[in-house]
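Engineer: The following file, input30.txt, comprises compact mmCIF, C-alpha atoms and all ligand atoms:
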# COMPACT_ATOMS: atom_id res chain seq x y z
CA MET X 1 201.21 182.57 165.44
CA GLY X 2 201.86 180.27 162.48
CA ARG X 3 201.27 181.26 158.89
CA VAL X 4 197.69 180.84 157.74
CA GLU X 5 197.61 178.52 154.72
CA PRO X 6 194.24 179.03 153.06
CA PHE X 7 195.01 176.61 150.21
CA GLY X 8 196.47 173.77 152.28
CA ASP X 9 193.05 172.26 152.86
CA LEU X 10 192.20 172.50 149.17
CA ARG X 11 195.39 170.69 148.25
CA ALA X 12 194.40 167.82 150.53
CA ARG X 13 190.92 167.76 149.04
CA VAL X 14 192.36 167.69 145.51
CA SER X 15 194.49 164.77 146.58
CA ASP X 16 191.53 162.80 147.97
CA ARG X 17 189.22 163.97 145.13
CA SER X 18 186.68 165.62 147.44
CA ALA X 19 187.37 169.05 145.86
CA ARG X 20 184.68 170.09 143.40
CA LEU X 21 185.69 171.39 140.00
CA ALA X 22 184.03 173.75 137.56
CA VAL X 23 185.06 174.19 133.92
CA ILE X 24 183.92 177.36 132.15
CA GLY X 25 183.66 176.97 128.38
CA LEU X 26 182.89 173.51 127.01
CA GLY X 27 184.51 173.62 123.57
CA TYR X 28 187.31 171.35 122.42
CA VAL X 29 189.54 172.17 125.35
CA GLY X 30 186.99 172.62 128.14
CA LEU X 31 185.00 169.50 127.35
CA SER X 32 188.14 167.38 127.17
CA VAL X 33 189.50 168.81 130.40
CA ALA X 34 186.18 168.37 132.20
CA ALA X 35 185.90 164.76 131.01
CA CYS X 36 189.48 163.96 132.06
CA PHE X 37 188.97 165.31 135.57
CA ALA X 38 185.65 163.46 135.85
CA ALA X 39 187.47 160.26 134.82
CA ALA X 40 189.99 161.04 137.56
CA ARG X 41 187.08 160.75 140.05
CA PHE X 42 186.36 164.43 140.64
CA ARG X 43 182.85 165.83 140.57
CA VAL X 44 182.89 168.34 137.72
CA ILE X 45 180.33 170.91 136.64
CA GLY X 46 180.81 172.28 133.14
CA LEU X 47 179.33 175.68 132.27
CA ASP X 48 178.78 177.03 128.78
CA ARG X 49 176.77 180.05 127.70
CA ASP X 50 175.69 178.24 124.53
CA ALA X 51 172.37 176.59 125.40
CA GLY X 52 172.44 174.50 122.20
CA ARG X 53 175.79 173.04 123.20
CA ILE X 54 174.50 172.08 126.64
CA ALA X 55 171.31 170.59 125.16
CA ALA X 56 173.39 168.46 122.76
CA LEU X 57 175.59 167.22 125.60
CA ARG X 58 172.54 166.37 127.69
CA ALA X 59 171.16 164.42 124.73
CA GLY X 60 174.39 162.43 124.59
CA ARG X 61 175.85 164.15 121.50
CA LEU X 62 179.24 165.87 121.28
CA PRO X 63 178.72 169.42 119.95
CA LEU X 64 182.07 169.51 118.15
CA ALA X 65 182.74 169.92 114.44
CA HIS X 66 185.30 167.11 114.29
CA SER X 67 185.65 163.98 116.38
CA GLU X 68 188.36 163.46 118.96
CA PRO X 69 189.55 159.91 119.64
CA GLY X 70 188.17 158.65 122.96
CA LEU X 71 186.37 161.84 123.93
CA GLU X 72 182.81 160.68 123.37
CA ASP X 73 183.34 157.57 125.53
CA LEU X 74 184.84 159.69 128.29
CA VAL X 75 182.00 162.24 128.24
CA VAL X 76 179.34 159.51 128.18
CA ALA X 77 181.04 157.70 131.08
CA GLY X 78 181.24 160.94 133.08
CA ALA X 79 177.54 161.62 132.55
CA ARG X 80 176.59 158.01 133.41
CA THR X 81 178.47 157.99 136.71
CA GLY X 82 177.23 161.48 137.60
CA ALA X 83 180.80 162.77 137.85
CA LEU X 84 180.25 165.19 134.96
CA ASP X 85 177.30 167.54 134.80
CA VAL X 86 176.75 170.44 132.41
CA THR X 87 174.79 173.66 132.74
CA THR X 88 174.15 177.17 131.45
CA GLU X 89 173.23 178.40 134.94
CA HIS X 90 175.88 180.50 136.65
CA GLY X 91 174.42 179.66 140.05
CA ASP X 92 175.44 176.02 139.55
CA LEU X 93 179.05 177.13 140.05
CA SER X 94 178.39 177.73 143.74
CA GLY X 95 180.14 175.10 145.79
CA ALA X 96 183.04 174.65 143.37
CA ASP X 97 186.57 174.84 144.79
CA VAL X 98 188.54 174.93 141.55
CA PHE X 99 187.49 176.89 138.44
CA ILE X 100 189.14 176.12 135.11
CA VAL X 101 188.64 178.71 132.39
CA ALA X 102 188.68 177.36 128.82
CA VAL X 103 186.74 180.01 126.90
CA ASP X 104 187.71 181.03 123.39
CA THR X 105 190.11 183.98 123.18
CA PRO X 106 190.01 185.21 119.58
CA ILE X 107 191.61 188.27 118.00
CA ASP X 108 189.49 191.13 116.71
CA ASP X 109 189.42 192.48 113.16
CA ARG X 110 192.49 194.59 113.92
CA LYS X 111 194.30 191.48 115.17
CA ARG X 112 194.23 192.59 118.81
CA PRO X 113 193.38 190.03 121.53
CA ASP X 114 189.67 190.03 122.29
CA THR X 115 189.47 189.27 126.00
CA SER X 116 185.73 189.84 126.37
CA ASN X 117 184.94 186.12 126.89
CA LEU X 118 187.72 185.82 129.41
CA ARG X 119 186.53 188.91 131.30
CA ALA X 120 182.95 187.63 131.34
CA ALA X 121 184.06 184.20 132.60
CA CYS X 122 186.18 185.75 135.37
CA ASP X 123 183.36 188.07 136.41
CA THR X 124 181.02 185.08 136.63
CA ILE X 125 183.49 183.12 138.75
CA ALA X 126 184.18 186.10 141.01
CA ARG X 127 180.47 186.23 141.88
CA HIS X 128 180.43 182.57 142.96
CA ALA X 129 183.91 181.68 144.25
CA ARG X 130 184.38 181.18 147.97
CA PRO X 131 187.54 182.22 149.83
CA GLY X 132 190.25 179.62 149.36
CA SER X 133 189.22 178.76 145.79
CA LEU X 134 191.58 178.35 142.85
CA VAL X 135 191.02 179.79 139.38
CA VAL X 136 193.15 178.37 136.56
CA VAL X 137 193.08 180.04 133.15
CA GLU X 138 193.82 177.51 130.41
CA SER X 139 192.79 179.78 127.54
CA THR X 140 195.54 181.13 125.29
CA VAL X 141 196.29 184.72 126.32
CA ALA X 142 198.80 187.41 125.44
CA PRO X 143 201.60 188.33 127.91
CA GLY X 144 200.27 190.61 130.66
CA THR X 145 196.69 189.31 130.47
CA MET X 146 196.76 187.61 133.88
CA ARG X 147 197.95 190.82 135.49
CA GLY X 148 195.88 193.21 133.41
CA VAL X 149 192.59 191.34 132.92
CA VAL X 150 192.28 188.33 135.23
CA ALA X 151 193.74 189.69 138.49
CA PRO X 152 191.53 192.84 138.46
CA ALA X 153 188.42 190.66 138.13
CA PHE X 154 189.31 189.08 141.48
CA ALA X 155 190.47 192.27 143.19
CA ARG X 156 187.52 192.10 145.55
CA ALA X 157 188.11 188.42 146.24
CA PRO X 158 191.71 188.49 147.51
CA ALA X 159 191.47 185.01 149.05
CA VAL X 160 191.00 183.47 145.59
CA ALA X 161 194.21 182.23 143.97
CA ILE X 162 194.78 182.63 140.24
CA ALA X 163 197.07 180.66 137.96
CA HIS X 164 197.72 180.30 134.27
CA CYS X 165 198.18 176.88 132.74
CA PRO X 166 197.99 177.34 128.96
CA GLU X 167 196.56 174.41 127.06
CA ARG X 168 199.01 172.78 124.66
CA VAL X 169 196.77 170.29 122.89
CA ARG X 170 196.58 169.67 119.15
CA PRO X 171 193.27 168.91 117.43
CA GLY X 172 192.95 165.18 116.80
CA ARG X 173 195.18 164.38 119.78
CA LEU X 174 193.37 166.26 122.55
CA LEU X 175 193.15 163.49 125.13
CA ALA X 176 196.59 162.06 124.39
CA ASN X 177 198.15 165.52 124.69
CA LEU X 178 196.16 166.43 127.81
CA ARG X 179 197.36 163.33 129.59
CA GLY X 180 200.86 163.05 128.22
CA MET X 181 202.29 166.47 127.47
CA GLU X 182 204.17 168.51 130.07
CA ARG X 183 202.34 171.64 131.27
CA LEU X 184 203.60 175.00 132.34
CA VAL X 185 201.89 176.59 135.36
CA GLY X 186 202.34 180.29 136.09
CA VAL X 187 201.66 181.44 139.67
CA ASP X 188 203.00 184.10 141.98
CA ASP X 189 202.91 181.99 145.14
CA ALA X 190 204.75 178.71 145.74
CA GLU X 191 201.85 177.26 147.74
CA VAL X 192 199.47 177.88 144.86
CA GLY X 193 202.04 176.33 142.52
CA ALA X 194 202.09 173.18 144.64
CA LEU X 195 198.29 173.10 144.56
CA CYS X 196 198.31 173.33 140.74
CA VAL X 197 200.88 170.53 140.48
CA GLU X 198 198.68 168.38 142.72
CA LEU X 199 195.67 169.17 140.55
CA TYR X 200 197.23 168.46 137.16
CA SER X 201 199.04 165.38 138.45
CA THR X 202 195.63 163.73 138.79
CA ILE X 203 195.23 163.67 134.99
CA LEU X 204 198.76 164.14 133.67
CA HIS X 205 201.53 161.61 133.44
CA ALA X 206 204.62 163.74 132.84
CA PRO X 207 207.75 164.60 134.86
CA ARG X 208 207.55 167.49 137.36
CA ARG X 209 210.03 170.34 137.27
CA SER X 210 210.17 173.63 139.13
CA ARG X 211 211.67 176.91 138.06
CA ARG X 212 211.16 180.10 140.03
CA GLY X 213 211.33 183.71 138.95
CA ARG X 214 208.99 186.52 138.03
CA PRO X 215 208.37 187.40 134.41
CA PRO X 216 209.28 190.97 133.41
CA ARG X 217 206.53 193.56 133.64
CA PRO X 218 205.09 194.29 130.18
N1 LIG H 1 191.18 173.80 120.29
C1 LIG H 1 192.49 173.61 120.41
O1 LIG H 1 193.06 172.68 119.83
C2 LIG H 1 193.31 174.49 121.32
C3 LIG H 1 194.67 174.18 121.53
C4 LIG H 1 195.42 174.96 122.43
C5 LIG H 1 194.83 176.07 123.05
N2 LIG H 1 193.51 176.37 122.79
C6 LIG H 1 192.95 177.54 123.49
O2 LIG H 1 191.96 177.08 124.40
C7 LIG H 1 190.90 178.04 124.50
C8 LIG H 1 189.57 177.36 124.17
O3 LIG H 1 189.67 176.88 122.84
P1 LIG H 1 188.54 175.92 122.22
O4 LIG H 1 189.06 175.45 120.91
O5 LIG H 1 188.09 174.93 123.23
O6 LIG H 1 187.36 176.99 121.98
P2 LIG H 1 185.84 176.68 121.52
O7 LIG H 1 185.43 177.85 120.69
O8 LIG H 1 185.75 175.31 120.94
O9 LIG H 1 185.04 176.67 122.89
C9 LIG H 1 184.93 177.78 123.74
C10 LIG H 1 183.62 177.64 124.50
O10 LIG H 1 183.57 178.67 125.49
C11 LIG H 1 182.22 179.12 125.59
N3 LIG H 1 182.22 180.43 126.24
C12 LIG H 1 182.79 181.60 125.79
N4 LIG H 1 182.66 182.58 126.71
C13 LIG H 1 181.96 182.02 127.75
C14 LIG H 1 181.53 182.54 129.01
N5 LIG H 1 181.77 183.80 129.37
N6 LIG H 1 180.84 181.72 129.84
C15 LIG H 1 180.59 180.42 129.48
N7 LIG H 1 181.00 179.88 128.31
C16 LIG H 1 181.69 180.68 127.46
C17 LIG H 1 181.73 179.12 124.16
O11 LIG H 1 180.30 179.11 124.08
C18 LIG H 1 182.36 177.83 123.62
O12 LIG H 1 181.51 176.71 123.80
C19 LIG H 1 191.27 179.18 123.54
O13 LIG H 1 191.94 180.19 124.26
C20 LIG H 1 192.22 178.50 122.57
O14 LIG H 1 193.12 179.43 121.99
C21 LIG H 1 192.76 175.60 121.96
Do you think you could lay out the structure here as structure tokens?
Ligand SMILES: NC(=O)c1ccc[n+]([C@@H]2O[C@H](COP(=O)([O-])OP(=O)(O)OC[C@H]3O[C@@H](n4cnc5c(N)ncnc54)[C@H](O)[C@@H]3O)[C@@H](O)[C@H]2O)c1
Structural biologist:
Amino acid sequence: MGRVEPFGDLRARVSDRSARLAVIGLGYVGLSVAACFAAARFRVIGLDRDAGRIAALRAGRLPLAHSEPGLEDLVVAGARTGALDVTTEHGDLSGADVFIVAVDTPIDDRKRPDTSNLRAACDTIARHARPGSLVVVESTVAPGTMRGVVAPAFARAPAVAIAHCPERVRPGRLLANLRGMERLVGVDDAEVGALCVELYSTILHAPRRSRRGRPPRP
């Protein structure tokens, strides 16, 4: 019997844009990422726990402290075409195939990573993800966080793939960086790596490279 490839179908659906995307956390990074994927013809649902932020977006305002060149036009266009929708309701994540986590990951008053937002986001996704889904963490995290925090959240959902693709944007150049700067994707399965490359190639115009090897255990 041949090898079962649970993510092969998702890769094809990313390629033809029929895969549905969810972005968790609609701050600087999440909103920009959601708008870029919507502009790349995906249907995107953006979730944020901040009801005021969602209300502002629904009213056509960007809930960000400083402006980002091109972002408002992209968000407005996404809302107008129906490609980009926003919500505070966890249940609206049902039906998504790809979950992108862009929640804030601060440090606490003793300068230790505070992963509570990340844990909460992963727990929310784990309740709604179907087998064969992909979860990509874009938030900045300390070494060992994927193994120690993210993977355990999906321990009961073994058919969900996880990947880390840290965001590299700079404020004031979010869209330009998102579309033009090379990304690093961390996975522990080549098939999932190929899926991530397919996904990010829909918004990113940068050369592809591949390097294999496991990072050392922390
Ligand atoms: N802003 C940048 O320029 C930049 C650059 C590189 C990397 N990053 C990293 O990207 C991540 C996001 O940064 P940001 O600047 O967009 O943060 P942000 O504070 O602007 O936005 C984070 C959003 O996530 C939401 N959120 C938090 N927990 C949630 C949950 N459990 N469910 C739903 N929504 C939740 C918050 O309400 C907020 O709207 C961080 O890890 C940051 O370090 C940011």
Engineer: So that each row is one residue of segment 149-205 of chain X with an atom at most 12 Å from segment 40-48 of chain X, can you give its shortest atom pair and the distance in Å to one decimal, using all atoms listed in the file, rows by chain and rising number, as CSV?
Structural biologist:
residue,atom,partner,partner_atom,distance
X:Arg179,CA,X:Ala40,CA,11.1
X:Leu199,CA,X:Ala40,CA,10.4
X:Tyr200,CA,X:Ala40,CA,10.4
X:Ser201,CA,X:Ala40,CA,10.1
X:Thr202,CA,X:Ala40,CA,6.4
X:Ile203,CA,X:Ala40,CA,6.4
X:Leu204,CA,X:Ala40,CA,10.1
Engineer: Around ligand LIG 1 (chain H), which protein and nucleic acid residues have at least one atom no more than 9 Å from it, if we count all atoms listed in the file? List them as a count of residues only.
Structural biologist: 52
Engineer: Calculated over all atoms listed in the file, which of the candidates X:Asp16, X:Leu175, X:Ala206, X:Ala129 has the smallest distance to Ala34 of chain X?
Structural biologist: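 Closest to Ala34 of chain X, using all atoms listed in the file: X:Leu175.
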Engineer: Just give me the gap between atom CA of Arg183 of chain X and atom CA of Leu195 of chain X in Å, one decimal is fine.
Structural biologist: 14.0 Å
Engineer: Identify which of the residues X:Met146, X:Ala83, X:Val98, X:Leu71 lies closest to Ala19 of chain X, counting all atoms listed in the file when measuring atom-to-atom distances.
Structural biologist: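 Distance minimum relative to Ala19 of chain X lands on X:Val98.
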Engineer: May I ask which of the residues X:Asn177, X:Leu93, X:Arg110, X:His205 is the closest one to Ala126 of chain X, counting all atoms listed in the file?
Structural biologist: X:Leu93
Engineer: Would you kindly identify which residues have an atom no farther than 8 Å from (184.5, 163.6, 127.7), using all atoms listed in the file and the file's own coordinates, and write them out as a list in words?
Structural biologist: Leu31, Ser32, Val33, Ala34, Ala35, Cys36, Gly70, Leu71, Glu72, Asp73, Leu74, Val75, Val76, Ala77 and Gly78 of chain X
Engineer: Would you kindly return, as a list in words, each protein, DNA or RNA residue with an atom no farther than 9 Å from any atom of Thr145 of chain X, considering only C-alpha atoms and excluding same-chain residues fewer than 5 positions away?
Structural biologist: Thr115, Val150 and Ala151 of chain X
Engineer: Give me a file of those residues, with C-alpha atoms, as a PDB file, keeping the file's coordinate frame.
Structural biologist:
ATOM      1  CA  THR X 115     189.470 189.270 126.000  1.00  0.00           C
ATOM      2  CA  VAL X 150     192.280 188.330 135.230  1.00  0.00           C
ATOM      3  CA  ALA X 151     193.740 189.690 138.490  1.00  0.00           C
TER       4      ALA X 151
END
Engineer: Take the point (200.8, 180.2, 139.0) in the file's coordinates, draw a sphere of radius 9 Å around it, and report as a PyMOL selection string every protein, DNA or RNA residue with an atom inside or on it, counting all atoms listed in the file.
Structural biologist: chain X and resi 136+161-165+184-190+192-193+196
Engineer: One number please: atom CA of Thr87 of chain X to atom CA of Ala55 of chain X, in Å, one decimal.
Structural biologist: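 Separating atom CA of Thr87 of chain X from atom CA of Ala55 of chain X is a distance of 8.9 Å.
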Engineer: From the list X:Val160, X:Ala38, X:Val86, X:Val149, which residue is nearest Leu134 of chain X when using all atoms listed in the file?
Structural biologist: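 The shortest atom-to-atom distance to Leu134 of chain X comes from X:Val160.
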Engineer: Kindly give the distance, in Å, that separates atom CA of Arg211 of chain X and atom CA of Pro131 of chain X, rounded to a single decimal.
Structural biologist: 27.4 Å
Engineer: Could you check the closest approach to His128 of chain X for each of X:Pro158, X:Pro152, X:Gly144, X:Gly95 and tell me which residue wins, using only C-alpha atoms?
Structural biologist: X:Gly95
Engineer: Could I see segment 34-56 of chain X restored to N, CA and C atoms, set down as a PDB file, in the coordinates of the input?
Structural biologist:
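Wrote it out as result17.pdb, contents follow:
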ATOM      1  N   ALA X  34     187.229 168.765 131.256  1.00  0.00           N
ATOM      2  CA  ALA X  34     186.180 168.370 132.200  1.00  0.00           C
ATOM      3  C   ALA X  34     186.036 166.854 132.245  1.00  0.00           C
ATOM      4  N   ALA X  35     186.060 166.216 131.069  1.00  0.00           N
ATOM      5  CA  ALA X  35     185.900 164.760 131.010  1.00  0.00           C
ATOM      6  C   ALA X  35     187.092 164.047 131.647  1.00  0.00           C
ATOM      7  N   CYS X  36     188.288 164.591 131.449  1.00  0.00           N
ATOM      8  CA  CYS X  36     189.480 163.960 132.060  1.00  0.00           C
ATOM      9  C   CYS X  36     189.427 164.041 133.582  1.00  0.00           C
ATOM     10  N   PHE X  37     189.045 165.200 134.105  1.00  0.00           N
ATOM     11  CA  PHE X  37     188.970 165.310 135.570  1.00  0.00           C
ATOM     12  C   PHE X  37     187.836 164.448 136.126  1.00  0.00           C
ATOM     13  N   ALA X  38     186.738 164.347 135.393  1.00  0.00           N
ATOM     14  CA  ALA X  38     185.650 163.460 135.850  1.00  0.00           C
ATOM     15  C   ALA X  38     186.141 162.006 135.878  1.00  0.00           C
ATOM     16  N   ALA X  39     186.928 161.635 134.851  1.00  0.00           N
ATOM     17  CA  ALA X  39     187.470 160.260 134.820  1.00  0.00           C
ATOM     18  C   ALA X  39     188.473 160.036 135.945  1.00  0.00           C
ATOM     19  N   ALA X  40     189.051 161.147 136.433  1.00  0.00           N
ATOM     20  CA  ALA X  40     189.990 161.040 137.560  1.00  0.00           C
ATOM     21  C   ALA X  40     189.262 161.080 138.905  1.00  0.00           C
ATOM     22  N   ARG X  41     187.937 160.907 138.869  1.00  0.00           N
ATOM     23  CA  ARG X  41     187.080 160.750 140.050  1.00  0.00           C
ATOM     24  C   ARG X  41     186.737 162.046 140.775  1.00  0.00           C
ATOM     25  N   PHE X  42     186.872 163.177 140.073  1.00  0.00           N
ATOM     26  CA  PHE X  42     186.360 164.430 140.640  1.00  0.00           C
ATOM     27  C   PHE X  42     184.900 164.601 140.227  1.00  0.00           C
ATOM     28  N   ARG X  43     184.164 165.361 141.025  1.00  0.00           N
ATOM     29  CA  ARG X  43     182.850 165.830 140.570  1.00  0.00           C
ATOM     30  C   ARG X  43     183.075 167.141 139.839  1.00  0.00           C
ATOM     31  N   VAL X  44     182.600 167.195 138.598  1.00  0.00           N
ATOM     32  CA  VAL X  44     182.890 168.340 137.720  1.00  0.00           C
ATOM     33  C   VAL X  44     181.581 168.911 137.200  1.00  0.00           C
ATOM     34  N   ILE X  45     181.450 170.232 137.295  1.00  0.00           N
ATOM     35  CA  ILE X  45     180.330 170.910 136.640  1.00  0.00           C
ATOM     36  C   ILE X  45     180.908 171.719 135.484  1.00  0.00           C
ATOM     37  N   GLY X  46     180.352 171.534 134.308  1.00  0.00           N
ATOM     38  CA  GLY X  46     180.810 172.280 133.140  1.00  0.00           C
ATOM     39  C   GLY X  46     179.784 173.333 132.770  1.00  0.00           C
ATOM     40  N   LEU X  47     180.234 174.576 132.606  1.00  0.00           N
ATOM     41  CA  LEU X  47     179.330 175.680 132.270  1.00  0.00           C
ATOM     42  C   LEU X  47     179.634 176.188 130.869  1.00  0.00           C
ATOM     43  N   ASP X  48     178.606 176.345 130.064  1.00  0.00           N
ATOM     44  CA  ASP X  48     178.780 177.030 128.780  1.00  0.00           C
ATOM     45  C   ASP X  48     177.597 177.955 128.569  1.00  0.00           C
ATOM     46  N   ARG X  49     177.860 179.087 127.922  1.00  0.00           N
ATOM     47  CA  ARG X  49     176.770 180.050 127.700  1.00  0.00           C
ATOM     48  C   ARG X  49     175.916 179.643 126.501  1.00  0.00           C
ATOM     49  N   ASP X  50     176.394 178.673 125.729  1.00  0.00           N
ATOM     50  CA  ASP X  50     175.690 178.240 124.530  1.00  0.00           C
ATOM     51  C   ASP X  50     174.686 177.133 124.907  1.00  0.00           C
ATOM     52  N   ALA X  51     173.400 177.533 124.950  1.00  0.00           N
ATOM     53  CA  ALA X  51     172.370 176.590 125.400  1.00  0.00           C
ATOM     54  C   ALA X  51     172.273 175.391 124.468  1.00  0.00           C
ATOM     55  N   GLY X  52     172.494 175.606 123.167  1.00  0.00           N
ATOM     56  CA  GLY X  52     172.440 174.500 122.200  1.00  0.00           C
ATOM     57  C   GLY X  52     173.515 173.464 122.492  1.00  0.00           C
ATOM     58  N   ARG X  53     174.672 173.940 122.877  1.00  0.00           N
ATOM     59  CA  ARG X  53     175.790 173.040 123.200  1.00  0.00           C
ATOM     60  C   ARG X  53     175.443 172.185 124.435  1.00  0.00           C
ATOM     61  N   ILE X  54     174.865 172.825 125.424  1.00  0.00           N
ATOM     62  CA  ILE X  54     174.500 172.080 126.640  1.00  0.00           C
ATOM     63  C   ILE X  54     173.386 171.087 126.346  1.00  0.00           C
ATOM     64  N   ALA X  55     172.411 171.504 125.501  1.00  0.00           N
ATOM     65  CA  ALA X  55     171.310 170.590 125.160  1.00  0.00           C
ATOM     66  C   ALA X  55     171.857 169.369 124.419  1.00  0.00           C
ATOM     67  N   ALA X  56     172.802 169.586 123.504  1.00  0.00           N
ATOM     68  CA  ALA X  56     173.390 168.460 122.760  1.00  0.00           C
ATOM     69  C   ALA X  56     174.099 167.509 123.721  1.00  0.00           C
TER      70      ALA X  56
END
